file coords_30.txt (compact mmCIF, C-alpha atoms)
# COMPACT_ATOMS: atom_id res chain seq x y z
CA MET A 1 9.95 39.69 24.51
CA THR A 2 10.68 43.42 24.22
CA LEU A 3 8.50 46.04 22.60
CA ASP A 4 11.19 46.54 19.97
CA THR A 5 11.11 42.82 19.10
CA LEU A 6 7.33 42.84 18.81
CA SER A 7 7.48 45.93 16.59
CA ALA A 8 10.14 44.33 14.39
CA ARG A 9 8.04 41.19 13.96
CA ALA A 10 4.95 43.22 13.14
CA ALA A 11 6.89 45.19 10.54
CA SER A 12 8.30 41.98 9.03
CA ALA A 13 4.84 40.42 8.82
CA SER A 14 3.64 43.32 6.70
CA LEU A 15 6.23 42.53 4.02
CA PRO A 16 5.61 39.96 1.24
CA PHE A 17 6.00 36.47 2.79
CA GLY A 18 6.99 38.16 6.07
CA ALA A 19 4.32 36.26 8.01
CA LEU A 20 5.89 32.91 7.16
CA ALA A 21 7.39 31.06 10.10
CA ALA A 22 10.81 29.47 9.67
CA GLN A 23 10.62 25.69 9.37
CA PRO A 24 13.00 23.24 11.04
CA ALA A 25 15.66 21.63 8.89
CA ASP A 26 14.89 18.14 7.62
CA ALA A 27 16.56 15.77 10.08
CA LEU A 28 17.55 13.22 7.44
CA LEU A 29 19.12 15.85 5.18
CA SER A 30 21.07 17.15 8.16
CA LEU A 31 22.25 13.61 8.86
CA ILE A 32 23.44 13.25 5.27
CA ALA A 33 25.49 16.42 5.62
CA LEU A 34 27.07 15.18 8.86
CA TYR A 35 27.97 11.85 7.26
CA ARG A 36 29.60 13.51 4.26
CA ALA A 37 31.66 15.77 6.53
CA ASP A 38 32.97 12.78 8.54
CA ASP A 39 36.39 11.73 7.22
CA ARG A 40 36.63 8.47 9.18
CA PRO A 41 37.09 5.63 6.68
CA GLN A 42 35.16 3.14 8.83
CA LYS A 43 31.99 5.28 9.02
CA ILE A 44 28.66 3.53 8.33
CA ASP A 45 25.61 5.22 6.80
CA LEU A 46 22.37 3.59 7.97
CA GLY A 47 20.22 6.68 7.54
CA VAL A 48 19.39 7.27 3.88
CA GLY A 49 16.58 4.99 2.72
CA VAL A 50 17.96 3.65 -0.56
CA PHE A 51 19.04 0.14 -1.49
CA ARG A 52 22.78 -0.46 -1.54
CA ASN A 53 24.78 -3.44 -2.75
CA ASP A 54 27.65 -4.95 -0.79
CA ALA A 55 30.02 -2.36 -2.26
CA GLY A 56 27.85 0.39 -0.79
CA ASP A 57 26.55 1.55 -4.17
CA THR A 58 22.98 2.15 -5.41
CA PRO A 59 23.39 0.89 -8.98
CA VAL A 60 21.12 1.33 -11.97
CA MET A 61 19.44 -2.03 -12.52
CA ARG A 62 20.42 -4.01 -15.64
CA ALA A 63 16.85 -4.09 -16.97
CA VAL A 64 16.56 -0.33 -16.47
CA LYS A 65 19.72 0.29 -18.51
CA ALA A 66 18.42 -2.00 -21.24
CA ALA A 67 15.01 -0.33 -21.26
CA GLU A 68 16.62 3.10 -21.54
CA ALA A 69 18.56 1.87 -24.57
CA VAL A 70 15.29 0.72 -26.15
CA LEU A 71 13.67 4.09 -25.46
CA LEU A 72 16.65 5.92 -26.92
CA GLU A 73 16.17 4.09 -30.20
CA THR A 74 12.39 3.93 -30.38
CA GLN A 75 10.89 6.95 -28.61
CA VAL A 76 9.80 9.47 -31.23
CA THR A 77 8.23 12.26 -29.15
CA LYS A 78 8.31 13.98 -25.77
CA SER A 79 4.82 15.39 -26.13
CA TYR A 80 2.34 15.36 -23.24
CA LEU A 81 0.45 12.18 -22.44
CA GLY A 82 -2.32 13.75 -20.35
CA ALA A 83 -3.16 14.02 -16.66
CA GLU A 84 -3.54 10.23 -16.38
CA GLY A 85 0.02 9.69 -17.58
CA ASP A 86 1.03 6.50 -19.37
CA ALA A 87 -2.08 4.31 -19.35
CA ALA A 88 -0.13 1.26 -20.57
CA TYR A 89 2.33 1.68 -17.67
CA THR A 90 -0.52 1.82 -15.15
CA ALA A 91 -2.21 -1.23 -16.64
CA LEU A 92 0.97 -3.32 -16.68
CA LEU A 93 1.83 -2.26 -13.14
CA ALA A 94 -1.68 -3.20 -12.02
CA GLY A 95 -0.89 -6.76 -13.07
CA ILE A 96 2.11 -6.76 -10.72
CA VAL A 97 0.09 -5.29 -7.85
CA PHE A 98 -3.27 -7.01 -8.19
CA GLY A 99 -2.40 -10.13 -10.16
CA ASP A 100 -5.30 -11.23 -12.33
CA ARG A 101 -7.75 -9.19 -10.25
CA THR A 102 -9.17 -6.23 -12.10
CA ALA A 103 -12.32 -5.55 -10.01
CA GLY A 104 -13.83 -4.67 -13.38
CA GLU A 105 -15.03 -1.12 -13.73
CA ARG A 106 -14.73 -0.54 -9.98
CA LEU A 107 -10.94 -0.02 -10.02
CA ASN A 108 -9.30 3.07 -11.53
CA GLY A 109 -5.60 3.90 -11.67
CA VAL A 110 -3.49 6.89 -12.68
CA GLN A 111 0.25 7.48 -12.92
CA THR A 112 1.72 9.76 -10.23
CA PRO A 113 5.09 11.36 -9.43
CA GLY A 114 6.31 8.68 -7.04
CA GLY A 115 4.53 7.12 -4.11
CA THR A 116 4.42 10.50 -2.38
CA GLY A 117 2.46 11.93 -5.30
CA ALA A 118 0.07 8.97 -5.06
CA LEU A 119 -0.45 9.57 -1.35
CA ARG A 120 -1.06 13.28 -1.88
CA LEU A 121 -3.48 12.68 -4.75
CA GLY A 122 -5.35 10.16 -2.61
CA ALA A 123 -5.43 12.61 0.30
CA GLU A 124 -6.89 15.33 -1.92
CA LEU A 125 -9.47 12.88 -3.26
CA VAL A 126 -10.53 11.96 0.28
CA ALA A 127 -10.71 15.63 1.28
CA ARG A 128 -12.87 16.47 -1.74
CA ALA A 129 -15.20 13.54 -1.02
CA ASN A 130 -15.46 13.94 2.76
CA ARG A 131 -13.67 16.77 4.52
CA GLU A 132 -14.73 15.31 7.88
CA ALA A 133 -12.91 12.02 7.32
CA ARG A 134 -10.13 11.42 9.82
CA VAL A 135 -6.97 9.57 8.84
CA TRP A 136 -5.78 6.95 11.33
CA ILE A 137 -2.01 6.44 11.25
CA GLY A 138 -0.05 3.88 13.26
CA THR A 139 2.93 5.00 15.35
CA PRO A 140 5.66 4.99 14.36
CA THR A 141 5.36 5.56 10.62
CA TRP A 142 7.14 7.29 7.75
CA PRO A 143 7.54 10.92 8.93
CA ASN A 144 5.99 12.32 5.75
CA HIS A 145 2.66 10.49 6.14
CA ALA A 146 0.93 12.87 8.54
CA PRO A 147 2.11 16.08 6.79
CA ILE A 148 0.80 14.83 3.43
CA PHE A 149 -2.71 14.41 4.81
CA ALA A 150 -2.53 17.60 6.88
CA GLU A 151 -1.57 19.64 3.80
CA ALA A 152 -4.71 18.30 2.12
CA GLY A 153 -6.73 19.72 5.02
CA LEU A 154 -7.51 16.39 6.69
CA SER A 155 -7.21 15.73 10.40
CA THR A 156 -5.11 12.79 11.53
CA ARG A 157 -5.39 10.47 14.51
CA SER A 158 -2.73 8.09 15.76
CA HIS A 159 -3.12 4.55 16.95
CA ARG A 160 -0.59 2.33 18.65
CA PHE A 161 1.13 -0.10 16.32
CA TYR A 162 4.58 -1.14 17.49
CA ASP A 163 5.90 -2.19 20.88
CA ALA A 164 9.52 -1.00 21.03
CA VAL A 165 10.31 -3.24 24.02
CA SER A 166 9.38 -6.51 22.32
CA GLY A 167 10.22 -5.30 18.81
CA ARG A 168 6.86 -6.56 17.56
CA ILE A 169 3.42 -5.28 16.55
CA ASP A 170 1.03 -4.56 19.44
CA PHE A 171 -2.07 -5.67 17.58
CA ASP A 172 -4.41 -5.61 20.58
CA ALA A 173 -3.46 -2.00 21.34
CA MET A 174 -4.06 -1.08 17.71
CA LEU A 175 -7.55 -2.57 17.69
CA ASN A 176 -8.33 -0.92 21.02
CA ASP A 177 -7.38 2.53 19.69
CA LEU A 178 -9.29 2.01 16.45
CA ALA A 179 -12.48 1.42 18.44
CA GLU A 180 -12.83 5.22 18.25
CA ALA A 181 -12.74 5.26 14.44
CA ARG A 182 -16.02 6.11 12.74
CA ALA A 183 -17.59 5.28 9.39
CA GLY A 184 -15.91 7.13 6.53
CA ASP A 185 -12.57 7.45 8.32
CA ILE A 186 -9.39 6.40 6.53
CA LEU A 187 -7.07 3.71 7.89
CA LEU A 188 -3.54 4.10 6.53
CA LEU A 189 -1.78 0.75 6.14
CA HIS A 190 1.70 -0.27 4.98
CA GLY A 191 1.17 -2.99 2.39
CA CYS A 192 4.50 -4.66 3.18
CA CYS A 193 7.99 -3.87 4.51
CA HIS A 194 6.84 -1.35 7.11
CA ASN A 195 8.81 1.88 7.29
CA PRO A 196 10.37 2.29 9.85
CA THR A 197 9.90 -0.96 11.80
CA GLY A 198 10.00 -3.72 9.17
CA SER A 199 7.17 -5.44 11.06
CA ALA A 200 4.29 -7.15 9.30
CA PHE A 201 0.82 -8.39 10.16
CA THR A 202 0.22 -12.12 10.05
CA PRO A 203 -2.38 -13.30 7.49
CA GLU A 204 -4.83 -13.70 10.38
CA GLN A 205 -4.20 -10.12 11.51
CA TRP A 206 -4.69 -8.80 7.99
CA LEU A 207 -8.02 -10.61 7.89
CA ALA A 208 -8.97 -9.01 11.21
CA VAL A 209 -8.05 -5.57 9.80
CA SER A 210 -10.22 -6.23 6.76
CA ASP A 211 -13.10 -7.35 8.97
CA LEU A 212 -12.68 -4.23 11.11
CA CYS A 213 -12.87 -1.98 8.05
CA ALA A 214 -15.99 -3.78 6.82
CA ALA A 215 -17.72 -3.69 10.21
CA ARG A 216 -16.96 -0.04 11.00
CA GLY A 217 -17.15 1.40 7.49
CA LEU A 218 -13.48 2.40 7.37
CA ILE A 219 -11.68 2.96 4.07
CA PRO A 220 -8.22 1.36 3.92
CA PHE A 221 -5.50 3.43 2.25
CA ILE A 222 -2.60 1.08 1.49
CA ASP A 223 0.88 2.49 0.98
CA LEU A 224 2.67 -0.18 -1.08
CA ALA A 225 6.18 1.21 -1.47
CA TYR A 226 8.49 -1.83 -1.33
CA GLN A 227 6.82 -4.66 -3.24
CA GLY A 228 9.29 -7.46 -3.95
CA LEU A 229 11.79 -6.46 -1.26
CA GLY A 230 10.11 -8.48 1.49
CA ASP A 231 9.12 -12.03 0.56
CA GLY A 232 8.41 -11.75 -3.18
CA LEU A 233 6.20 -9.83 -5.58
CA ALA A 234 3.07 -11.92 -5.07
CA GLU A 235 3.69 -12.44 -1.36
CA ASP A 236 4.20 -8.73 -0.69
CA ALA A 237 0.97 -7.88 -2.53
CA ALA A 238 -1.14 -10.60 -0.90
CA ALA A 239 -2.65 -8.30 1.75
CA THR A 240 -3.50 -5.63 -0.82
CA ARG A 241 -5.18 -8.21 -3.03
CA MET A 242 -7.17 -9.57 -0.10
CA ILE A 243 -8.39 -6.06 0.79
CA VAL A 244 -9.46 -5.38 -2.81
CA ASP A 245 -11.31 -8.70 -2.92
CA ALA A 246 -13.09 -8.16 0.39
CA LEU A 247 -14.09 -4.50 0.63
CA PRO A 248 -16.26 -2.09 -1.38
CA ALA A 249 -13.77 0.80 -1.31
CA ALA A 250 -10.01 1.24 -0.88
CA LEU A 251 -7.07 3.34 -2.04
CA VAL A 252 -3.66 1.97 -3.01
CA ALA A 253 -0.62 4.25 -3.37
CA TYR A 254 2.29 2.62 -5.16
CA SER A 255 5.97 3.44 -5.52
CA GLY A 256 8.20 1.86 -8.15
CA ASP A 257 11.18 3.91 -6.98
CA LYS A 258 12.58 1.15 -4.78
CA ASN A 259 11.85 -2.11 -6.58
CA PHE A 260 12.99 -0.67 -9.92
CA GLY A 261 15.78 1.44 -8.40
CA LEU A 262 14.30 4.57 -10.01
CA TYR A 263 14.52 6.87 -7.00
CA ARG A 264 15.15 10.12 -8.81
CA GLU A 265 12.68 9.38 -11.62
CA ARG A 266 9.64 9.47 -9.26
CA VAL A 267 7.64 6.47 -10.44
CA GLY A 268 4.27 5.86 -8.82
CA ALA A 269 0.56 5.20 -9.25
CA LEU A 270 -2.70 5.56 -7.35
CA TRP A 271 -5.60 3.13 -7.61
CA ALA A 272 -9.05 3.77 -6.21
CA LEU A 273 -11.55 0.96 -5.63
CA SER A 274 -15.20 2.06 -5.60
CA ALA A 275 -18.41 0.35 -4.60
CA ASN A 276 -19.83 0.31 -8.13
CA GLY A 277 -19.12 1.45 -11.67
CA ALA A 278 -21.10 4.69 -11.45
CA ILE A 279 -19.16 5.89 -8.41
CA ALA A 280 -15.92 4.66 -9.97
CA GLU A 281 -16.45 6.91 -12.98
CA ARG A 282 -16.97 9.93 -10.72
CA VAL A 283 -13.84 8.97 -8.80
CA ARG A 284 -11.88 8.74 -12.05
CA THR A 285 -12.87 12.20 -13.22
CA ASN A 286 -12.03 13.68 -9.84
CA MET A 287 -8.65 11.95 -9.76
CA LEU A 288 -7.82 13.47 -13.13
CA SER A 289 -8.98 16.97 -12.24
CA LEU A 290 -7.00 16.89 -9.00
CA ALA A 291 -3.91 15.58 -10.78
CA ARG A 292 -4.26 18.36 -13.34
CA SER A 293 -4.17 20.97 -10.57
CA LEU A 294 -1.35 19.33 -8.60
CA TRP A 295 1.19 18.56 -11.34
CA SER A 296 -0.72 18.84 -14.62
CA MET A 297 1.11 15.93 -16.29
CA PRO A 298 3.29 13.34 -14.49
CA PRO A 299 6.93 12.89 -15.55
CA ASP A 300 7.25 10.23 -18.23
CA HIS A 301 10.78 8.83 -18.28
CA GLY A 302 10.59 6.53 -15.25
CA ALA A 303 7.15 5.24 -16.18
CA ALA A 304 8.30 4.59 -19.75
CA ILE A 305 11.22 2.55 -18.36
CA VAL A 306 8.89 0.43 -16.21
CA ARG A 307 6.45 -0.04 -19.09
CA THR A 308 9.27 -1.12 -21.41
CA ILE A 309 10.49 -3.65 -18.84
CA LEU A 310 7.08 -5.11 -18.11
CA GLU A 311 6.02 -5.48 -21.74
CA ASN A 312 9.24 -7.32 -22.68
CA ASP A 313 9.50 -10.90 -21.35
CA ALA A 314 13.32 -10.93 -21.29
CA LEU A 315 13.61 -7.58 -19.52
CA ARG A 316 10.88 -8.53 -17.05
CA ALA A 317 12.68 -11.77 -16.20
CA ASP A 318 16.00 -9.99 -15.72
CA TRP A 319 14.36 -7.36 -13.50
CA ARG A 320 12.82 -10.07 -11.35
CA ASP A 321 16.15 -11.89 -11.06
CA GLU A 322 17.90 -8.75 -9.86
CA LEU A 323 15.02 -7.91 -7.50
CA ASP A 324 15.28 -11.43 -6.06
CA ALA A 325 19.00 -10.83 -5.41
CA MET A 326 18.25 -7.50 -3.71
CA ARG A 327 15.70 -9.18 -1.46
CA ALA A 328 18.08 -12.03 -0.63
CA ARG A 329 20.76 -9.52 0.37
CA LEU A 330 18.38 -7.69 2.71
CA ASN A 331 17.06 -10.85 4.34
CA GLY A 332 20.57 -12.27 4.69
CA LEU A 333 21.75 -9.12 6.48
CA ARG A 334 18.69 -9.30 8.73
CA ALA A 335 19.48 -12.86 9.75
CA ALA A 336 23.14 -12.04 10.39
CA LEU A 337 22.35 -8.99 12.53
CA ALA A 338 19.59 -10.75 14.46
CA ALA A 339 22.03 -13.50 15.46
CA MET A 340 24.35 -11.00 17.13
CA HIS A 341 22.22 -10.23 20.21
CA SER A 342 18.92 -11.37 21.72
CA ARG A 343 17.56 -7.81 21.64
CA LEU A 344 18.06 -7.84 17.87
CA ALA A 345 16.36 -11.20 17.30
CA PRO A 346 13.02 -9.77 16.03
CA ILE A 347 14.87 -8.25 13.07
CA ALA A 348 15.12 -11.70 11.46
CA ASP A 349 11.33 -11.96 11.16
CA GLN A 350 10.91 -8.44 9.81
CA ARG A 351 11.12 -7.48 6.15
CA GLY A 352 12.20 -4.67 3.88
CA MET A 353 14.94 -2.11 4.19
CA PHE A 354 14.22 -0.79 7.67
CA ALA A 355 14.34 -1.79 11.31
CA MET A 356 14.05 0.11 14.57
CA LEU A 357 16.65 -0.51 17.22
CA PRO A 358 15.87 -0.21 20.95
CA LEU A 359 18.12 2.83 21.39
CA THR A 360 17.78 6.16 23.15
CA HIS A 361 18.53 9.43 21.37
CA GLU A 362 21.65 9.64 23.52
CA ALA A 363 22.80 6.23 22.34
CA VAL A 364 22.24 7.21 18.70
CA ALA A 365 24.35 10.34 19.24
CA ALA A 366 27.09 8.34 20.97
CA LEU A 367 27.26 5.82 18.13
CA ARG A 368 27.67 8.67 15.68
CA GLU A 369 30.32 10.48 17.67
CA GLU A 370 32.32 7.48 18.86
CA HIS A 371 32.02 5.08 15.92
CA GLY A 372 30.90 7.10 12.90
CA ILE A 373 27.62 5.17 12.72
CA TYR A 374 24.83 7.32 11.31
CA MET A 375 21.12 6.57 11.79
CA ALA A 376 17.87 8.43 12.43
CA GLY A 377 17.36 9.76 15.93
CA ASN A 378 14.58 7.27 16.68
CA GLY A 379 16.89 4.31 16.05
CA ARG A 380 15.65 3.52 12.55
CA ILE A 381 18.32 1.92 10.41
CA ASN A 382 18.49 1.09 6.73
CA ILE A 383 19.52 -2.57 6.68
CA ALA A 384 20.98 -2.10 3.17
CA GLY A 385 23.56 0.28 4.63
CA LEU A 386 25.30 -2.72 6.20
CA ARG A 387 27.73 -5.03 4.47
CA ALA A 388 28.77 -8.58 5.25
CA ASP A 389 31.99 -7.28 6.78
CA THR A 390 30.37 -4.53 8.88
CA VAL A 391 27.55 -6.46 10.59
CA ALA A 392 29.78 -7.71 13.41
CA VAL A 393 31.48 -4.32 13.77
CA PHE A 394 28.11 -2.61 14.01
CA ALA A 395 26.76 -5.15 16.51
CA GLN A 396 29.83 -4.75 18.71
CA ALA A 397 29.37 -0.97 18.79
CA LEU A 398 25.69 -1.46 19.64
CA ARG A 399 26.23 -3.89 22.51
CA PRO A 400 26.88 -1.35 25.33
CA HIS A 401 23.73 0.54 24.38
CA LEU A 402 21.33 -2.39 24.42
CA HIS A 403 19.42 -2.91 27.65
CA ALA A 404 21.40 -4.45 30.50
CA GLY A 405 20.50 -8.03 31.31
CA GLU A 406 19.58 -8.75 27.70
CA GLY A 407 22.75 -10.48 26.65
CA GLY A 408 23.24 -12.32 23.41
CA PRO A 409 25.42 -14.94 21.85
call {"tool": "encode", "arguments": {"input": "coords_30.txt", "output": "structure tokens"}}
result
Amino acid sequence: MTLDTLSARAASASLPFGALAAQPADALLSLIALYRADDRPQKIDLGVGVFRNDAGDTPVMRAVKAAEAVLLETQVTKSYLGAEGDAAYTALLAGIVFGDRTAGERLNGVQTPGGTGALRLGAELVARANREARVWIGTPTWPNHAPIFAEAGLSTRSHRFYDAVSGRIDFDAMLNDLAEARAGDILLLHGCCHNPTGSAFTPEQWLAVSDLCAARGLIPFIDLAYQGLGDGLAEDAAATRMIVDALPAALVAYSGDKNFGLYRERVGALWALSANGAIAERVRTNMLSLARSLWSMPPDHGAAIVRTILENDALRADWRDELDAMRARLNGLRAALAAMHSRLAPIADQRGMFAMLPLTHEAVAALREEHGIYMAGNGRINIAGLRADTVAVFAQALRPHLHAGEGGP
């Protein structure tokens, strides 16, 4: 580096914002741009994490349209609701998440701007309560998890979670790594439909995780972003409910963006479980003060839609019917793709929108360049990006890039 370059950088740093370092472009946004610029009619988009129907569209759900019509006719004000947001929305959603469990005065919930807002609010709450707490995150995970906690000033630690060779959870490796966790640390968990692997703990493994948290004094932080898209609403919440029943403290971040199709409305909630009512009240006031500083008041429209659906029996039933159809589509595509090659077989037992393929970065690039197939560089695909008539085409393009000696039917 020359003296002139050093002098130029020093001069730039003295200007307003001049000390900021340029940040890398978001890989997924770059992938979207590449896909849009590709004029091949047979191109396949498996990158963007939104649900699509067999026509390739992300439609507005019927119950959402109906709820919006109700709001149009009945909503009389757009005034603020307060830092806690729509309390009726949070209470109705709690019934979906926790069933008939309320944990009494120990459980507090607030509306948030999407699941990301819930995660960030929870991270800030942890940081305010215990700045020394470390957040244990399995690898791989959603790329935004670690930055959310880091921006709250918390340190993160990784533990092994997924074995790419077998396409399954490496539970023994996970427990071995977590032997270094200490009391007060946070254990981030995907409640269902793991992003990016689609893998899930067995009930016995969930019980072992709960026992580990109890024995070592760890606080589970459950990210429940895809309820209803795996095995069903109750089934996908079973692990969360078990944790709430078994442990003195936990955090649950929720996203309604996916199961209500309200991606751009940013619909979420955060619940905090405390050891007793006195602590729970302190937690509640801190959640509200943090929310006030982060976004002041959460956006209302998406939450009002969800509340309107859940308080109306007909709309709730129609929403569940459409959600069931979405889940059936995803699981049907999983079964069809898994049958195409032995290396893809684990996909059938996974759940949710995502799976990770055993591909190198070079293979991902070759699939994009040669076949117009777009996916994340780590081999993560959005199952909903496939259609009944593209599964075989996709599998055929994949075949040369799957490990030699691992043939399939």
call {"tool": "closest_atom_pairs", "arguments": {"input": "coords_30.txt", "of": "stretch 156-270 of chain A", "to": "stretch 109-133 of chain A", "cutoff": "6 Å", "atoms": "all atoms listed in the file", "output": "JSON lines"}}
result
{"residue": "A:Gly184", "atom": "CA", "partner": "A:Ala133", "partner_atom": "CA", "distance": 5.8}
{"residue": "A:Asp185", "atom": "CA", "partner": "A:Ala133", "partner_atom": "CA", "distance": 4.7}
{"residue": "A:Ala253", "atom": "CA", "partner": "A:Ala118", "partner_atom": "CA", "distance": 5.1}
{"residue": "A:Tyr254", "atom": "CA", "partner": "A:Gly115", "partner_atom": "CA", "distance": 5.1}
{"residue": "A:Ser255", "atom": "CA", "partner": "A:Gly115", "partner_atom": "CA", "distance": 4.2}
{"residue": "A:Arg266", "atom": "CA", "partner": "A:Gly114", "partner_atom": "CA", "distance": 4.1}
{"residue": "A:Val267", "atom": "CA", "partner": "A:Gly114", "partner_atom": "CA", "distance": 4.3}
{"residue": "A:Gly268", "atom": "CA", "partner": "A:Gly114", "partner_atom": "CA", "distance": 3.9}
{"residue": "A:Ala269", "atom": "CA", "partner": "A:Gln111", "partner_atom": "CA", "distance": 4.3}
{"residue": "A:Leu270", "atom": "CA", "partner": "A:Ala118", "partner_atom": "CA", "distance": 5.0}
call {"tool": "closest_residue", "arguments": {"input": "coords_30.txt", "among": "A:Ile44, A:Met356, A:Leu81, A:Ala392", "to": "A:Gly198", "atoms": "all atoms listed in the file"}}
result
A:Met356
call {"tool": "residues_around", "arguments": {"input": "coords_30.txt", "residues": "A:Phe98", "least_positions_apart": "6", "cutoff": "10 Å", "atoms": "all atoms listed in the file", "output": "ChimeraX atom specification"}}
result
/A:234,237-238,240-242,244-245
call {"tool": "atom_distance", "arguments": {"input": "coords_30.txt", "atom1": "atom CA of A:Ile373", "atom2": "atom CA of A:Asp45"}}
result
6.3 Å
call {"tool": "closest_residue", "arguments": {"input": "coords_30.txt", "among": "A:Leu233, A:Met375, A:Val393, A:Ala388", "to": "A:Asp324", "atoms": "only C-alpha atoms"}}
result
A:Leu233
call {"tool": "closest_residue", "arguments": {"input": "coords_30.txt", "among": "A:Lys43, A:Gly372, A:Lys78, A:Asp236", "to": "A:Ile96", "atoms": "only C-alpha atoms"}}
result
A:Asp236
call {"tool": "atom_distance", "arguments": {"input": "coords_30.txt", "atom1": "atom CA of A:Pro147", "atom2": "atom CA of A:Pro298"}}
result
21.5 Å
call {"tool": "atom_distance", "arguments": {"input": "coords_30.txt", "atom1": "atom CA of A:Arg316", "atom2": "atom CA of A:Arg106"}}
result
27.7 Å
call {"tool": "residues_near_point", "arguments": {"input": "coords_30.txt", "point": "(13.6, 6.4, 23.3)", "cutoff": "10 Å", "atoms": "only C-alpha atoms", "output": "list in words"}}
result
Ala164, Leu357, Pro358, Leu359, Thr360, His361, Glu362, Ala363, Val364, Gly377, Asn378 and Gly379 of chain A
call {"tool": "write_last_selection", "arguments": {"input": "coords_30.txt", "atoms": "C-alpha atoms", "output": "mmCIF file, in the coordinates of the input"}}
result
data_model
loop_
_atom_site.group_PDB
_atom_site.id
_atom_site.type_symbol
_atom_site.label_atom_id
_atom_site.label_comp_id
_atom_site.auth_asym_id
_atom_site.auth_seq_id
_atom_site.Cartn_x
_atom_site.Cartn_y
_atom_site.Cartn_z
ATOM 1 C CA ALA A 164 9.520 -1.000 21.030
ATOM 2 C CA LEU A 357 16.650 -0.510 17.220
ATOM 3 C CA PRO A 358 15.870 -0.210 20.950
ATOM 4 C CA LEU A 359 18.120 2.830 21.390
ATOM 5 C CA THR A 360 17.780 6.160 23.150
ATOM 6 C CA HIS A 361 18.530 9.430 21.370
ATOM 7 C CA GLU A 362 21.650 9.640 23.520
ATOM 8 C CA ALA A 363 22.800 6.230 22.340
ATOM 9 C CA VAL A 364 22.240 7.210 18.700
ATOM 10 C CA GLY A 377 17.360 9.760 15.930
ATOM 11 C CA ASN A 378 14.580 7.270 16.680
ATOM 12 C CA GLY A 379 16.890 4.310 16.050
#
call {"tool": "closest_residue", "arguments": {"input": "coords_30.txt", "among": "A:Phe260, A:Leu398, A:Ala91, A:Val50", "to": "A:Glu370", "atoms": "only C-alpha atoms"}}
result
A:Leu398
call {"tool": "residues_around", "arguments": {"input": "coords_30.txt", "residues": "stretch 351-355 of chain A", "least_positions_apart": "6", "cutoff": "8 Å", "atoms": "all atoms listed in the file", "output": "short mmCIF file (atom, residue, chain, number, x, y, z; two decimals) with C-alpha atoms, in the coordinates of the input"}}
result
data_model
loop_
_atom_site.label_atom_id
_atom_site.label_comp_id
_atom_site.auth_asym_id
_atom_site.auth_seq_id
_atom_site.Cartn_x
_atom_site.Cartn_y
_atom_site.Cartn_z
CA GLY A 49 16.58 4.99 2.72
CA PHE A 51 19.04 0.14 -1.49
CA CYS A 192 4.50 -4.66 3.18
CA CYS A 193 7.99 -3.87 4.51
CA HIS A 194 6.84 -1.35 7.11
CA ASN A 195 8.81 1.88 7.29
CA PRO A 196 10.37 2.29 9.85
CA THR A 197 9.90 -0.96 11.80
CA GLY A 198 10.00 -3.72 9.17
CA SER A 199 7.17 -5.44 11.06
CA ALA A 200 4.29 -7.15 9.30
CA TYR A 226 8.49 -1.83 -1.33
CA LEU A 229 11.79 -6.46 -1.26
CA GLY A 230 10.11 -8.48 1.49
CA ASP A 231 9.12 -12.03 0.56
CA ARG A 327 15.70 -9.18 -1.46
CA LEU A 330 18.38 -7.69 2.71
CA ASN A 331 17.06 -10.85 4.34
CA ARG A 380 15.65 3.52 12.55
CA ILE A 381 18.32 1.92 10.41
CA ASN A 382 18.49 1.09 6.73
CA ILE A 383 19.52 -2.57 6.68
CA ALA A 384 20.98 -2.10 3.17
#
call {"tool": "closest_residue", "arguments": {"input": "coords_30.txt", "among": "A:Ile137, A:Leu92, A:Ala376, A:Leu273", "to": "A:Leu29", "atoms": "all atoms listed in the file"}}
result
A:Ala376
